[in-house]
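Coordinates from query06.tsv are shown below (TSV, C-alpha atoms).
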chain	number	residue	atom	x	y	z
S	278	ASP	CA	0.00	0.00	0.00
S	279	THR	CA	2.66	2.48	-1.14
S	280	MET	CA	2.34	5.44	-3.47
S	281	ILE	CA	5.35	5.86	-5.75
S	282	LEU	CA	5.96	9.16	-7.54
S	283	PHE	CA	8.50	9.99	-10.21
S	284	LEU	CA	9.09	13.37	-11.83
S	285	SER	CA	11.86	15.59	-13.08
S	286	ASP	CA	12.47	19.01	-11.57
S	287	ASN	CA	13.09	20.83	-14.86
S	288	GLY	CA	14.00	20.36	-18.50
S	289	PRO	CA	17.52	19.71	-19.82
S	290	TRP	CA	20.24	22.10	-18.70
S	291	ASN	CA	21.77	22.83	-22.09
S	292	ASP	CA	24.01	25.74	-21.08
S	293	LEU	CA	26.07	23.93	-18.47
S	294	PRO	CA	28.46	26.01	-16.32
S	295	PRO	CA	32.08	24.85	-16.04
S	296	ARG	CA	31.50	23.41	-12.55
S	297	MET	CA	29.21	20.78	-14.08
S	298	LEU	CA	31.79	19.67	-16.65
S	299	GLN	CA	33.75	17.27	-14.44
S	300	ASN	CA	34.15	13.53	-13.85
S	301	GLY	CA	33.59	12.79	-17.50
S	302	ASN	CA	30.51	15.01	-17.96
S	303	GLU	CA	30.28	16.72	-21.33
S	304	TRP	CA	28.06	19.64	-22.34
S	305	TRP	CA	25.89	17.33	-24.47
S	306	HIS	CA	25.08	15.03	-21.51
S	307	THR	CA	22.03	17.08	-20.59
S	308	GLY	CA	19.22	15.19	-22.30
S	309	SER	CA	16.69	16.46	-24.81
S	310	PRO	CA	13.40	18.37	-24.50
S	311	GLY	CA	12.02	16.40	-27.44
S	312	PRO	CA	9.52	18.55	-29.36
S	313	LEU	CA	9.51	21.24	-26.68
S	314	ARG	CA	11.15	24.62	-27.18
S	315	GLY	CA	13.90	25.85	-24.87
S	316	SER	CA	15.59	24.30	-21.85
S	317	LYS	CA	16.27	24.82	-18.13
S	318	GLY	CA	16.70	28.46	-17.20
S	319	GLY	CA	14.18	29.70	-19.75
S	320	SER	CA	10.40	30.09	-19.69
S	321	TYR	CA	9.50	28.11	-22.80
S	322	GLU	CA	7.98	24.67	-22.27
S	323	GLY	CA	11.32	22.89	-22.64
S	324	GLY	CA	12.46	24.35	-19.33
S	325	PHE	CA	9.33	23.67	-17.32
S	326	ARG	CA	7.31	20.83	-18.80
S	327	VAL	CA	8.45	17.49	-17.38
S	328	PRO	CA	7.11	13.92	-17.17
S	329	GLY	CA	5.37	12.67	-14.05
S	330	ILE	CA	4.46	9.09	-13.11
S	331	ALA	CA	2.34	7.99	-10.18
S	332	ARG	CA	1.84	4.39	-9.00
S	333	TRP	CA	-0.45	3.18	-6.25
S	334	THR	CA	-1.76	-0.31	-6.84
S	335	GLY	CA	-5.48	-0.51	-6.26
S	336	ARG	CA	-5.91	3.26	-6.04
S	337	ILE	CA	-4.48	4.66	-9.29
S	338	PRO	CA	-5.61	2.79	-12.45
S	339	ALA	CA	-2.77	1.29	-14.46
S	340	GLY	CA	-1.90	2.39	-17.97
S	341	GLN	CA	-3.70	5.71	-18.08
S	342	VAL	CA	-2.17	8.82	-19.64
S	343	LEU	CA	-3.64	12.08	-18.34
S	344	ARG	CA	-3.54	15.32	-20.32
S	345	GLU	CA	-4.51	17.59	-17.45
S	346	MET	CA	-2.29	20.36	-16.12
S	347	ALA	CA	-0.52	19.66	-12.83
S	348	CYS	CA	2.49	21.00	-10.96
S	349	GLY	CA	5.22	19.79	-8.62
S	350	LEU	CA	3.71	21.87	-5.81
S	351	ASP	CA	0.55	19.79	-6.08
S	352	TRP	CA	2.23	16.67	-4.71
S	353	PHE	CA	2.31	17.94	-1.13
S	354	PRO	CA	-1.49	18.30	-0.70
S	355	THR	CA	-1.97	15.17	-2.83
S	356	ILE	CA	0.21	13.03	-0.54
S	357	ALA	CA	-1.42	14.52	2.54
S	358	ALA	CA	-4.88	13.70	1.21
S	359	ALA	CA	-3.83	10.19	0.20
S	360	ALA	CA	-2.53	9.59	3.74
S	361	GLY	CA	-5.68	10.99	5.33
S	362	ALA	CA	-3.76	13.87	6.89
S	363	LYS	CA	-5.35	17.25	7.46
S	364	LEU	CA	-3.28	20.25	6.42
S	365	PRO	CA	-2.81	22.98	9.04
S	366	GLU	CA	-5.29	25.83	8.76
S	367	GLY	CA	-4.50	29.52	8.58
S	368	ARG	CA	-2.00	29.37	5.74
S	369	VAL	CA	-2.04	29.52	1.95
S	370	TYR	CA	-1.07	26.44	-0.07
S	371	ASP	CA	0.13	26.78	-3.64
S	372	GLY	CA	-0.73	23.17	-4.52
S	373	PHE	CA	-3.92	21.17	-5.06
S	374	ASP	CA	-5.04	17.62	-4.27
S	375	LEU	CA	-4.63	15.56	-7.47
S	376	MET	CA	-6.06	12.29	-6.12
S	377	PRO	CA	-9.49	12.70	-7.82
S	378	MET	CA	-7.68	13.30	-11.10
S	379	LEU	CA	-5.31	10.35	-10.63
S	380	SER	CA	-7.82	7.86	-9.32
S	381	GLN	CA	-11.01	8.89	-11.12
S	382	ARG	CA	-9.78	10.85	-14.17
S	383	ALA	CA	-11.49	13.97	-12.81
S	384	ALA	CA	-10.51	17.37	-14.16
S	385	SER	CA	-7.40	18.87	-12.62
S	386	PRO	CA	-8.08	21.50	-9.96
S	387	ARG	CA	-5.21	23.58	-11.35
S	388	ARG	CA	-6.47	26.24	-13.74
S	389	GLU	CA	-3.39	28.46	-14.01
S	390	PHE	CA	0.36	28.19	-14.03
S	391	PHE	CA	2.91	30.98	-13.64
S	392	TYR	CA	6.35	30.86	-15.28
S	393	PHE	CA	9.02	32.36	-13.02
S	394	VAL	CA	12.71	32.57	-13.89
S	395	GLY	CA	14.32	33.55	-10.63
S	396	PRO	CA	12.21	36.37	-9.19
S	397	ALA	CA	10.93	37.47	-12.62
S	398	LEU	CA	7.52	36.43	-13.88
S	399	HIS	CA	7.87	35.64	-17.58
S	400	GLY	CA	4.48	34.22	-18.42
S	401	VAL	CA	1.20	32.66	-17.39
S	402	ARG	CA	-0.84	29.80	-18.72
S	403	GLN	CA	-4.61	29.57	-18.39
S	404	GLY	CA	-6.19	26.45	-19.84
S	405	ALA	CA	-4.75	25.81	-23.28
S	406	TRP	CA	-3.31	29.29	-23.72
S	407	LYS	CA	0.09	30.56	-22.62
S	408	TYR	CA	1.05	34.23	-22.62
S	409	ARG	CA	4.75	35.15	-22.38
S	410	ARG	CA	6.63	38.43	-22.34
S	411	VAL	CA	10.20	38.89	-21.14
S	412	GLY	CA	11.23	42.42	-20.20
S	413	GLU	CA	9.14	45.57	-20.46
S	414	GLN	CA	10.10	45.97	-24.10
S	415	GLY	CA	9.90	42.29	-25.01
S	416	PRO	CA	7.43	41.12	-27.65
S	417	ALA	CA	4.10	39.67	-26.57
S	418	GLU	CA	3.84	35.93	-27.24
S	419	LEU	CA	0.65	33.84	-27.12
S	420	TYR	CA	0.61	30.10	-27.78
S	421	GLN	CA	-2.10	27.46	-27.80
S	422	VAL	CA	0.15	24.95	-26.09
S	423	GLU	CA	-2.18	21.97	-26.30
S	424	ARG	CA	-1.96	22.10	-30.09
S	425	ASP	CA	1.33	23.94	-30.52
S	426	VAL	CA	3.49	22.12	-27.99
S	427	SER	CA	6.66	23.46	-29.64
S	428	GLU	CA	5.53	27.09	-29.28
S	429	ARG	CA	6.20	27.82	-32.92
S	430	TYR	CA	3.12	29.88	-33.76
S	431	ASN	CA	2.75	33.18	-31.92
S	432	ARG	CA	-0.98	34.04	-31.89
S	433	ALA	CA	-0.75	37.34	-29.95
S	434	ALA	CA	-1.55	39.57	-32.95
S	435	GLU	CA	-4.60	37.57	-34.00
S	436	GLU	CA	-6.04	36.82	-30.55
S	437	PRO	CA	-5.87	40.12	-28.58
S	438	GLU	CA	-9.14	39.40	-26.78
S	439	LEU	CA	-7.63	36.32	-25.12
S	440	ILE	CA	-5.00	38.55	-23.53
S	441	ALA	CA	-7.39	41.32	-22.57
S	442	ARG	CA	-9.91	39.06	-20.80
S	443	GLN	CA	-7.52	37.62	-18.21
S	444	PRO	CA	-7.34	38.69	-14.54
S	445	GLY	CA	-4.91	41.41	-13.49
S	446	VAL	CA	-2.26	40.82	-10.84
S	447	ALA	CA	-0.83	43.28	-8.34
S	448	PRO	CA	2.94	43.42	-7.69
S	449	GLY	CA	4.35	41.01	-5.13
S	450	GLN	CA	1.53	38.48	-5.23
S	451	ARG	CA	2.28	34.76	-5.04
S	452	PRO	CA	0.64	32.23	-7.37
S	453	ALA	CA	-1.85	31.10	-4.72
S	454	ASP	CA	-2.97	34.71	-4.19
S	455	LEU	CA	-3.62	35.44	-7.84
S	456	PRO	CA	-7.22	36.00	-8.97
S	457	GLY	CA	-8.89	32.82	-10.19
S	458	HIS	CA	-5.93	30.61	-9.23
S	459	GLY	CA	-7.01	26.97	-9.19
S	460	ARG	CA	-10.61	27.69	-10.10
S	461	ARG	CA	-12.62	25.75	-12.65
S	462	ASP	CA	-15.79	27.83	-12.58
S	463	GLU	CA	-16.56	27.50	-16.27
S	464	PRO	CA	-15.93	24.60	-18.68
S	465	GLU	CA	-13.35	25.21	-21.34
S	466	GLU	CA	-14.27	25.12	-25.00
S	467	GLN	CA	-12.32	22.87	-27.33
S	468	ASP	CA	-9.75	25.54	-28.12
S	469	GLY	CA	-9.37	26.50	-24.48
S	470	ARG	CA	-11.13	29.90	-24.73
S	471	GLY	CA	-13.65	29.21	-21.98
S	472	GLY	CA	-13.11	29.41	-18.25
S	473	GLY	CA	-11.34	32.77	-18.11
S	474	GLN	CA	-12.16	35.44	-15.54
S	475	ALA	CA	-12.76	38.71	-17.40
S	476	ALA	CA	-11.17	41.15	-14.98
S	477	GLY	CA	-8.23	42.85	-16.67
S	478	PRO	CA	-5.31	42.37	-19.07
S	479	LEU	CA	-3.22	39.24	-18.87
S	480	GLU	CA	-0.20	41.43	-19.54
S	481	ARG	CA	-0.42	42.78	-15.97
S	482	GLN	CA	0.44	39.32	-14.72
S	483	VAL	CA	3.86	39.36	-16.35
S	484	HIS	CA	6.94	41.14	-14.92
S	485	ARG	CA	5.29	41.78	-11.54
S	486	GLY	CA	6.86	38.95	-9.59
S	487	GLY	CA	8.76	39.57	-6.37
S	488	ALA	CA	11.36	37.57	-4.49
S	489	GLY	CA	10.39	34.30	-2.90
S	490	GLN	CA	8.35	32.89	-5.77
S	491	GLY	CA	8.51	29.12	-5.83
S	492	ARG	CA	9.46	27.43	-9.06
S	493	CYS	CA	6.90	24.90	-10.14
S	494	ASP	CA	7.18	22.53	-13.07
S	495	PRO	CA	3.93	21.63	-14.85
S	496	HIS	CA	3.48	18.07	-15.98
S	497	PRO	CA	2.62	18.45	-19.64
S	498	PRO	CA	-0.74	17.92	-21.33
S	499	ALA	CA	1.08	16.35	-24.25
S	500	ARG	CA	1.82	12.94	-25.66
S	501	ALA	CA	3.84	10.53	-23.52
S	502	GLY	CA	4.59	6.83	-23.46
S	503	GLN	CA	1.87	4.78	-21.82
S	504	ALA	CA	2.94	3.13	-18.60
S	505	GLY	CA	1.89	-0.49	-18.55
S	506	ALA	CA	2.91	-1.89	-15.17
S	507	SER	CA	0.24	-2.66	-12.61
S	508	GLY	CA	-0.97	0.35	-10.67
S	509	ILE	CA	0.87	2.94	-12.78
S	510	GLY	CA	-0.71	6.06	-14.18
S	511	ALA	CA	1.32	8.55	-16.21
S	512	ILE	CA	0.70	12.27	-16.23
S	513	ALA	CA	1.71	12.99	-19.78
As structure tokens, please, write out the structure in this file.
Amino acid sequence: DTMILFLSDNGPWNDLPPRMLQNGNEWWHTGSPGPLRGSKGGSYEGGFRVPGIARWTGRIPAGQVLREMACGLDWFPTIAAAAGAKLPEGRVYDGFDLMPMLSQRAASPRREFFYFVGPALHGVRQGAWKYRRVGEQGPAELYQVERDVSERYNRAAEEPELIARQPGVAPGQRPADLPGHGRRDEPEEQDGRGGGQAAGPLERQVHRGGAGQGRCDPHPPARAGQAGASGIGAIA
């Protein structure tokens, strides 16, 4: 009766510093992001999107591949719920309980994900859409990451309403404090347009991050190998 979890903390570290090139390590020993763009240290999917595997015989169905959005911070409340433990009250938790998703294929409770590189907020994803902008003068980027997993097609110019309808964020807020964080009030349409909270421009969410923001790697809603062993479910 043991839950086993496996996940990576980030994508491949392609720009290795000299301190990592020792004991036979070479700069190409970092792995590959596959079809994903970018790598560790950046805010494209190749730096954040990682595989996750969960096994709990009798509780998590074997062989399933889930395309829901999840995050490394979600494992803490998930493990607590699985163990029947009650989290202390009077504090804010950045994660969500994934057990209904893992055991019953329910929708993920996570509705949003924020892309921090150090203390800087580079982007935000809501549903299928990801908005990214690096630096005050950086170009606006908008990707439908469920269809465009490689982030090749910038849709910002043709979809301005998707940026304008998103909730605004005040400086210094943490992901758990952001408006609409974790909510699934409305069902999403097929292209991911539904479910947004029309409260202000999505652009306000970027470049407002302060120190102390936790890095969180989303397990990707993309294709992955199906796990076939008994009691294994893969978050693709």
Output as a tab-separated table one row per residue of range 305-358 of chain S within 10 Å of range 284-297 of chain S: the closest atom pair and its distance in Å to one decimal place, counting all atoms listed in the file, sorted by chain and residue number ascending.
residue	atom	partner	partner_atom	distance
S:Trp305	CA	S:Asn291	CA	7.3
S:His306	CA	S:Asn291	CA	8.5
S:Thr307	CA	S:Pro289	CA	5.3
S:Gly308	CA	S:Pro289	CA	5.4
S:Ser309	CA	S:Pro289	CA	6.0
S:Pro310	CA	S:Gly288	CA	6.3
S:Gly311	CA	S:Pro289	CA	10.0
S:Leu313	CA	S:Gly288	CA	9.4
S:Gly315	CA	S:Gly288	CA	8.4
S:Ser316	CA	S:Pro289	CA	5.4
S:Lys317	CA	S:Trp290	CA	4.8
S:Gly318	CA	S:Trp290	CA	7.4
S:Gly319	CA	S:Gly288	CA	9.4
S:Tyr321	CA	S:Gly288	CA	9.9
S:Glu322	CA	S:Gly288	CA	8.3
S:Gly323	CA	S:Gly288	CA	5.5
S:Gly324	CA	S:Gly288	CA	4.4
S:Phe325	CA	S:Asn287	CA	5.3
S:Arg326	CA	S:Gly288	CA	6.7
S:Val327	CA	S:Ser285	CA	5.8
S:Pro328	CA	S:Leu284	CA	5.7
S:Gly329	CA	S:Leu284	CA	4.4
S:Ile330	CA	S:Leu284	CA	6.4
S:Ala331	CA	S:Leu284	CA	8.8
S:Gly349	CA	S:Asp286	CA	7.9
File of the preceding selection, C-alpha atoms, as a compact mmCIF listing (two decimals), keeping the file's coordinate frame:
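Written output follows (result-v6.txt):
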# COMPACT_ATOMS: atom_id res chain seq x y z
CA TRP S 305 25.89 17.33 -24.47
CA HIS S 306 25.08 15.03 -21.51
CA THR S 307 22.03 17.08 -20.59
CA GLY S 308 19.22 15.19 -22.30
CA SER S 309 16.69 16.46 -24.81
CA PRO S 310 13.40 18.37 -24.50
CA GLY S 311 12.02 16.40 -27.44
CA LEU S 313 9.51 21.24 -26.68
CA GLY S 315 13.90 25.85 -24.87
CA SER S 316 15.59 24.30 -21.85
CA LYS S 317 16.27 24.82 -18.13
CA GLY S 318 16.70 28.46 -17.20
CA GLY S 319 14.18 29.70 -19.75
CA TYR S 321 9.50 28.11 -22.80
CA GLU S 322 7.98 24.67 -22.27
CA GLY S 323 11.32 22.89 -22.64
CA GLY S 324 12.46 24.35 -19.33
CA PHE S 325 9.33 23.67 -17.32
CA ARG S 326 7.31 20.83 -18.80
CA VAL S 327 8.45 17.49 -17.38
CA PRO S 328 7.11 13.92 -17.17
CA GLY S 329 5.37 12.67 -14.05
CA ILE S 330 4.46 9.09 -13.11
CA ALA S 331 2.34 7.99 -10.18
CA GLY S 349 5.22 19.79 -8.62
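If you look at CA of Gln341 in chain S and CA of Leu282 in chain S, they are 14.7 Å away from each other.
Here CA of Trp352 in chain S is placed at a distance of 11.5 Å from CA of Leu379 in chain S.
For the set S:Leu419, S:Val394, S:Met376, S:Ala405, the residue with the smallest atom-to-atom gap to Glu435 in chain S is S:Leu419, counting only C-alpha atoms.
Using only C-alpha atoms, the smallest distance between any of S:Ile281, S:Ala383, S:Ser320, S:Gly372 and Leu398 in chain S comes from S:Ser320.
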S:Leu439, S:Val422, S:Val401, S:Leu298: which is nearest Arg314 in chain S, counting only C-alpha atoms? S:Val422
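With distances restricted to only C-alpha atoms, S:His399 is the closest residue to Gly415 in chain S from S:Leu364, S:Asp278, S:Phe353, S:His399.
Reported to one decimal place, the separation of CA of Arg410 in chain S from CA of Tyr392 in chain S is 10.4 Å.
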Given 8 Å on each side, where is the centre and what are the edge lengths in Å to one decimal of the axis-aligned box enclosing the listed atoms of range 332-349 of chain S, as AutoDock Vina command-line options?
--center_x -0.3 --center_y 10.2 --center_z -13.2 --size_x 27.1 --size_y 37.5 --size_z 30.3
